[in-house]
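**Q** Contents of data-v3.txt (compact mmCIF, C-alpha atoms):
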# COMPACT_ATOMS: atom_id res chain seq x y z
CA MET A 647 3.96 2.12 -7.61
CA LYS A 648 1.00 0.07 -8.78
CA ILE A 649 -2.61 0.94 -7.99
CA ILE A 650 -5.03 -1.91 -8.65
CA TRP A 651 -8.79 -1.44 -8.45
CA LEU A 652 -10.72 -4.29 -6.85
CA GLY A 653 -14.08 -2.76 -7.73
CA HIS A 654 -16.24 -0.29 -5.80
CA GLY A 655 -14.07 1.58 -3.24
CA SER A 656 -11.49 -1.20 -2.87
CA PHE A 657 -7.86 -1.03 -3.96
CA ARG A 658 -4.56 -2.86 -3.76
CA ILE A 659 -1.68 -0.37 -3.64
CA GLU A 660 1.85 -1.69 -4.12
CA ILE A 661 4.19 1.07 -2.94
CA GLU A 662 7.75 0.99 -1.59
CA ASP A 663 8.04 -2.09 0.66
CA GLN A 664 4.29 -2.28 1.34
CA VAL A 665 1.21 -3.88 -0.19
CA LEU A 666 -1.72 -1.91 1.15
CA LEU A 667 -5.33 -3.04 0.85
CA LEU A 668 -7.69 -0.06 0.95
CA ASP A 669 -11.24 -0.93 2.10
CA PRO A 670 -11.07 -4.44 0.62
CA TRP A 671 -14.62 -5.68 -0.07
CA LEU A 672 -14.53 -9.19 -1.49
CA THR A 673 -17.60 -11.07 -0.25
CA GLY A 674 -20.64 -9.85 -2.17
CA ASN A 675 -18.67 -7.44 -4.35
CA PRO A 676 -20.36 -7.84 -7.76
CA MET A 677 -17.30 -6.51 -9.59
CA LEU A 678 -14.82 -9.08 -8.25
CA THR A 679 -15.02 -12.80 -9.01
CA ASP A 680 -14.25 -15.43 -6.40
CA ALA A 681 -11.19 -16.48 -8.38
CA GLN A 682 -9.80 -12.96 -8.08
CA HIS A 683 -9.93 -12.80 -4.29
CA ALA A 684 -6.59 -14.54 -3.67
CA PRO A 685 -4.50 -12.59 -6.19
CA ALA A 686 -6.15 -9.36 -5.08
CA THR A 687 -5.00 -9.78 -1.49
CA ARG A 688 -1.87 -11.93 -1.71
CA GLY A 689 1.10 -10.56 0.22
CA ALA A 690 -0.78 -7.64 1.79
CA THR A 691 1.15 -5.99 4.61
CA HIS A 692 -1.58 -3.69 6.01
CA ILE A 693 -5.31 -3.09 5.55
CA LEU A 694 -6.45 0.54 5.51
CA ILE A 695 -10.06 1.17 6.57
CA THR A 696 -11.80 4.51 5.96
CA HIS A 697 -15.03 3.77 7.85
CA ALA A 698 -17.29 1.02 9.15
CA HIS A 699 -19.93 0.54 6.43
CA PHE A 700 -20.33 -3.04 5.23
CA ASP A 701 -18.85 -2.43 1.77
CA HIS A 702 -15.60 -1.41 3.42
CA ILE A 703 -15.17 -3.83 6.36
CA THR A 704 -17.03 -7.06 5.50
CA ASP A 705 -13.80 -8.98 4.88
CA LEU A 706 -11.54 -7.14 7.29
CA VAL A 707 -11.44 -9.69 10.12
CA PRO A 708 -10.82 -12.86 8.08
CA LEU A 709 -8.35 -11.09 5.78
CA SER A 710 -6.37 -9.54 8.62
CA LYS A 711 -6.08 -12.88 10.39
CA SER A 712 -5.27 -15.00 7.34
CA LEU A 713 -2.74 -12.54 5.93
CA GLY A 714 -1.26 -11.43 9.23
CA ALA A 715 -1.88 -7.87 8.08
CA PRO A 716 -2.73 -5.30 10.77
CA ALA A 717 -5.75 -3.07 10.28
CA VAL A 718 -5.02 0.66 10.05
CA GLY A 719 -7.55 3.41 10.70
CA ILE A 720 -9.22 5.70 13.17
CA TYR A 721 -8.45 4.88 16.80
CA ASP A 722 -11.97 4.12 18.01
CA LEU A 723 -12.76 1.60 15.27
CA MET A 724 -9.37 -0.05 15.50
CA THR A 725 -9.76 -0.40 19.27
CA TRP A 726 -13.12 -2.12 18.69
CA PHE A 727 -11.65 -4.66 16.25
CA GLU A 728 -8.67 -5.27 18.52
CA GLY A 729 -10.84 -5.93 21.58
CA ASN A 730 -13.76 -7.67 19.87
CA ASP A 731 -11.96 -9.72 17.20
CA GLY A 732 -8.38 -9.90 18.40
CA LEU A 733 -6.95 -8.07 15.40
CA ARG A 734 -3.58 -6.40 15.36
CA THR A 735 -4.25 -2.75 14.63
CA VAL A 736 -2.67 0.64 14.11
CA GLY A 737 -5.10 3.21 15.47
CA PHE A 738 -4.61 6.94 15.08
CA ASN A 739 -6.68 10.07 14.50
CA MET A 740 -7.24 13.12 12.31
CA GLY A 741 -4.02 14.82 11.30
CA GLY A 742 -1.92 11.98 12.67
CA THR A 743 0.69 10.14 10.61
CA VAL A 744 1.98 6.60 11.01
CA GLN A 745 4.94 4.95 9.33
CA LEU A 746 4.31 1.62 7.63
CA GLY A 747 7.73 0.46 6.54
CA ARG A 748 8.95 3.10 4.09
CA VAL A 749 5.41 4.45 3.51
CA SER A 750 3.83 7.23 5.56
CA VAL A 751 0.06 7.28 6.01
CA SER A 752 -1.87 10.26 7.37
CA LEU A 753 -5.53 10.32 8.42
CA VAL A 754 -7.67 13.16 7.06
CA PRO A 755 -11.38 14.02 7.36
CA ALA A 756 -14.15 12.88 5.05
CA LEU A 757 -17.80 13.93 4.96
CA HIS A 758 -20.06 10.88 5.02
CA SER A 759 -21.43 8.67 7.81
CA THR A 760 -20.26 5.52 9.56
CA SER A 761 -21.79 2.71 11.60
CA LEU A 762 -21.43 -0.97 12.40
CA GLY A 763 -24.80 -2.39 11.45
CA GLY A 764 -24.47 -5.54 13.55
CA ALA A 765 -23.09 -3.72 16.59
CA PRO A 766 -24.91 -0.39 16.86
CA ASP A 767 -23.29 0.52 20.18
CA ALA A 768 -19.72 -0.12 19.02
CA PRO A 769 -17.37 2.87 18.96
CA VAL A 770 -16.56 3.56 15.31
CA GLY A 771 -15.00 7.02 15.44
CA ARG A 772 -15.83 8.85 12.23
CA GLU A 773 -15.37 8.54 8.49
CA ALA A 774 -11.95 9.39 7.06
CA GLY A 775 -9.64 9.51 4.08
CA PHE A 776 -5.92 8.79 3.77
CA ILE A 777 -2.81 10.55 2.54
CA ILE A 778 -0.30 7.92 1.38
CA ARG A 779 3.30 8.93 0.64
CA GLY A 780 6.01 6.91 -1.05
CA GLU A 781 8.09 6.53 -4.22
CA GLY A 782 8.04 10.29 -4.72
CA HIS A 783 4.23 10.42 -4.87
CA THR A 784 1.53 11.68 -2.51
CA VAL A 785 -1.82 9.93 -2.91
CA TYR A 786 -5.08 11.34 -1.56
CA ALA A 787 -7.57 8.49 -1.09
CA SER A 788 -10.75 10.41 -0.32
CA GLY A 789 -12.78 7.58 1.14
CA ASP A 790 -16.53 8.00 0.83
CA THR A 791 -17.14 11.73 0.94
CA GLY A 792 -19.03 14.68 -0.39
CA ILE A 793 -17.36 17.94 -1.30
CA MET A 794 -16.12 19.59 1.87
CA ALA A 795 -14.19 22.68 2.92
CA ASP A 796 -11.51 20.48 4.52
CA MET A 797 -10.33 19.67 1.00
CA ASP A 798 -8.89 23.19 0.92
CA TRP A 799 -6.27 22.58 3.62
CA ILE A 800 -5.74 18.93 2.60
CA GLY A 801 -4.76 20.07 -0.88
CA ALA A 802 -2.68 23.01 0.31
CA TYR A 803 -0.85 21.17 3.09
CA TYR A 804 -0.22 17.70 1.65
CA LYS A 805 -0.09 18.68 -2.06
CA PRO A 806 -1.15 15.28 -3.41
CA ASP A 807 -0.35 14.59 -7.04
CA ILE A 808 -2.64 11.54 -7.29
CA GLY A 809 -6.30 11.50 -6.29
CA ILE A 810 -8.36 8.35 -5.71
CA LEU A 811 -11.80 9.89 -5.51
CA SER A 812 -15.16 8.32 -4.65
CA ALA A 813 -17.32 9.78 -7.40
CA GLY A 814 -20.34 7.59 -8.09
CA GLY A 815 -22.97 9.92 -6.70
CA HIS A 816 -25.92 9.10 -4.38
CA PHE A 817 -23.68 8.11 -1.44
CA THR A 818 -20.68 10.32 -2.34
CA MET A 819 -19.70 13.08 -4.76
CA ASP A 820 -20.75 12.47 -8.34
CA MET A 821 -18.36 12.82 -11.25
CA ALA A 822 -19.16 16.49 -11.89
CA GLY A 823 -18.78 17.27 -8.20
CA ALA A 824 -15.49 15.41 -7.95
CA ALA A 825 -14.17 17.33 -10.97
CA TRP A 826 -15.20 20.63 -9.38
CA ALA A 827 -13.53 19.74 -6.07
CA ALA A 828 -10.37 18.52 -7.79
CA LYS A 829 -10.08 21.73 -9.80
CA ARG A 830 -10.82 24.04 -6.85
CA TYR A 831 -8.82 22.40 -4.08
CA PHE A 832 -6.08 20.28 -5.63
CA ASP A 833 -3.39 20.20 -8.28
CA PHE A 834 -3.62 16.54 -9.25
CA LYS A 835 -1.58 15.13 -12.09
CA THR A 836 -3.58 11.89 -12.01
CA VAL A 837 -7.14 11.15 -10.85
CA ILE A 838 -8.64 7.67 -10.46
CA PRO A 839 -12.40 7.54 -9.80
CA CYS A 840 -14.00 4.80 -7.71
CA HIS A 841 -17.20 3.88 -5.87
CA TYR A 842 -19.00 3.79 -9.22
CA ARG A 843 -20.32 1.17 -11.68
CA THR A 844 -21.02 -1.25 -8.83
CA PHE A 845 -24.81 -0.86 -8.93
CA ASP A 846 -27.29 0.80 -11.27
CA LEU A 847 -27.83 3.43 -8.57
CA LEU A 848 -24.31 4.75 -9.12
CA GLU A 849 -22.75 6.54 -12.08
CA GLN A 850 -21.56 4.19 -14.81
CA SER A 851 -18.85 6.25 -16.51
CA ALA A 852 -16.34 8.95 -15.67
CA ASP A 853 -17.20 11.13 -18.68
CA ASP A 854 -18.14 14.16 -16.56
CA LEU A 855 -14.97 13.83 -14.51
CA ILE A 856 -12.82 13.67 -17.62
CA ALA A 857 -14.61 16.62 -19.22
CA GLY A 858 -14.26 18.67 -16.05
CA LEU A 859 -10.50 18.14 -15.66
CA PRO A 860 -8.74 19.07 -18.89
CA GLY A 861 -5.01 18.59 -18.55
CA VAL A 862 -5.38 16.00 -15.79
CA ASP A 863 -4.76 12.33 -16.52
CA VAL A 864 -8.11 10.82 -15.49
CA ILE A 865 -7.75 7.05 -15.56
CA GLU A 866 -10.90 4.93 -15.54
CA PRO A 867 -9.68 1.84 -13.70
CA GLN A 868 -10.45 -1.70 -14.76
CA VAL A 869 -10.76 -4.39 -12.10
CA MET A 870 -7.45 -6.16 -11.41
CA GLU A 871 -5.57 -4.22 -14.11
CA PRO A 872 -2.54 -2.48 -12.55
CA ILE A 873 -2.09 1.27 -13.03
CA SER A 874 1.64 1.95 -12.89
CA LEU A 875 2.67 5.42 -11.75
Write the structure described by the file as structure tokens, please.
**A**
Amino acid sequence: MKIIWLGHGSFRIEIEDQVLLLDPWLTGNPMLTDAQHAPATRGATHILITHAHFDHITDLVPLSKSLGAPAVGIYDLMTWFEGNDGLRTVGFNMGGTVQLGRVSVSLVPALHSTSLGGAPDAPVGREAGFIIRGEGHTVYASGDTGIMADMDWIGAYYKPDIGILSAGGHFTMDMAGAAWAAKRYFDFKTVIPCHYRTFDLLEQSADDLIAGLPGVDVIEPQVMEPISL
């Protein structure tokens, strides 16, 4: 499995027979150059969307159509994109699991907010995270979230060994908070922080996360550099 950070909360995950794009934000992403857009998205099989904020869906419609990659996420938002933009979608809801080739993807709660700025009356469901299983690993991609009690059952039930955690503060958990949540609710072997370094408003290093998780392999990702697990 290869996990490739595209900056901010965006990832390319190569796992089993799938290439999953998680919240791919290309246009306006200050961490990703124009020349990196094509290699970042090439061959994608599905696009996973955690919620409807601009830094998670700006490129969804053109990417889904050009790549022929269905959008995957909460039922209400997927139904909107299917009816409004003609996308192929896989819509499901909290606790549900879908099979994407040899990869299983489950939808779990997050604690944030969600809205479509240009379509305030559109149904967008609610914010979410994903559990992604394949190649002997279980990945918890938190999506944008604060610390929440739901992490207790997510950790106990799914037992993820890899955490992709939004940890930049201001809009989500900060690094110290993410470390506390990881220690209390999970037994991660590997943690990859995200949703940081994008703007001055966000945390610029993962030092507090690393310090708070002794014995856990905390990997500070670099844009477009594969993490092989």
**Q** Between A:Leu733, A:Ile865, A:Cys840, A:Ala857, which has the minimum distance to Gly653 (chain A) (counting all atoms listed in the file)?
**A** A:Cys840
**Q** Determine, counting only C-alpha atoms, which protein, DNA and RNA residues have an atom within 7 Å of an atom of Val751 (chain A); residues of the same chain fewer than 5 positions away are not included. Present the result as a ChimeraX atom specification.
**A** /A:743-745,776-779
**Q** Can you measure CA of Gly801 (chain A) to CA of Phe657 (chain A) for me? One decimal in Å is fine.
**A** 21.5 Å
**Q** Go through region 783-833 of chain A residue by residue and, counting only C-alpha atoms, keep those with an atom at most 9 Å from region 692-708 of chain A; for each kept residue give the shortest atom pair and its distance in Å to one decimal, ordered by chain and increasing number, as a tab-separated table.
**A**
residue	atom	partner	partner_atom	distance
A:Ser788	CA	A:Thr696	CA	8.7
A:Gly789	CA	A:Thr696	CA	5.8
A:Asp790	CA	A:Thr696	CA	7.8
**Q** Can you tell me, as a PDB file with C-alpha atoms, in the frame of the given file, what residues are no more than 7 Å from region 674-684 of chain A when counting only C-alpha atoms, ignoring any on the same chain fewer than 2 positions away?
**A**
ATOM      1  CA  LEU A 652     -10.720  -4.290  -6.850  1.00  0.00           C
ATOM      2  CA  GLY A 653     -14.080  -2.760  -7.730  1.00  0.00           C
ATOM      3  CA  TRP A 671     -14.620  -5.680  -0.070  1.00  0.00           C
ATOM      4  CA  LEU A 672     -14.530  -9.190  -1.490  1.00  0.00           C
ATOM      5  CA  ALA A 686      -6.150  -9.360  -5.080  1.00  0.00           C
ATOM      6  CA  THR A 687      -5.000  -9.780  -1.490  1.00  0.00           C
ATOM      7  CA  ARG A 688      -1.870 -11.930  -1.710  1.00  0.00           C
ATOM      8  CA  THR A 844     -21.020  -1.250  -8.830  1.00  0.00           C
TER       9      THR A 844
END
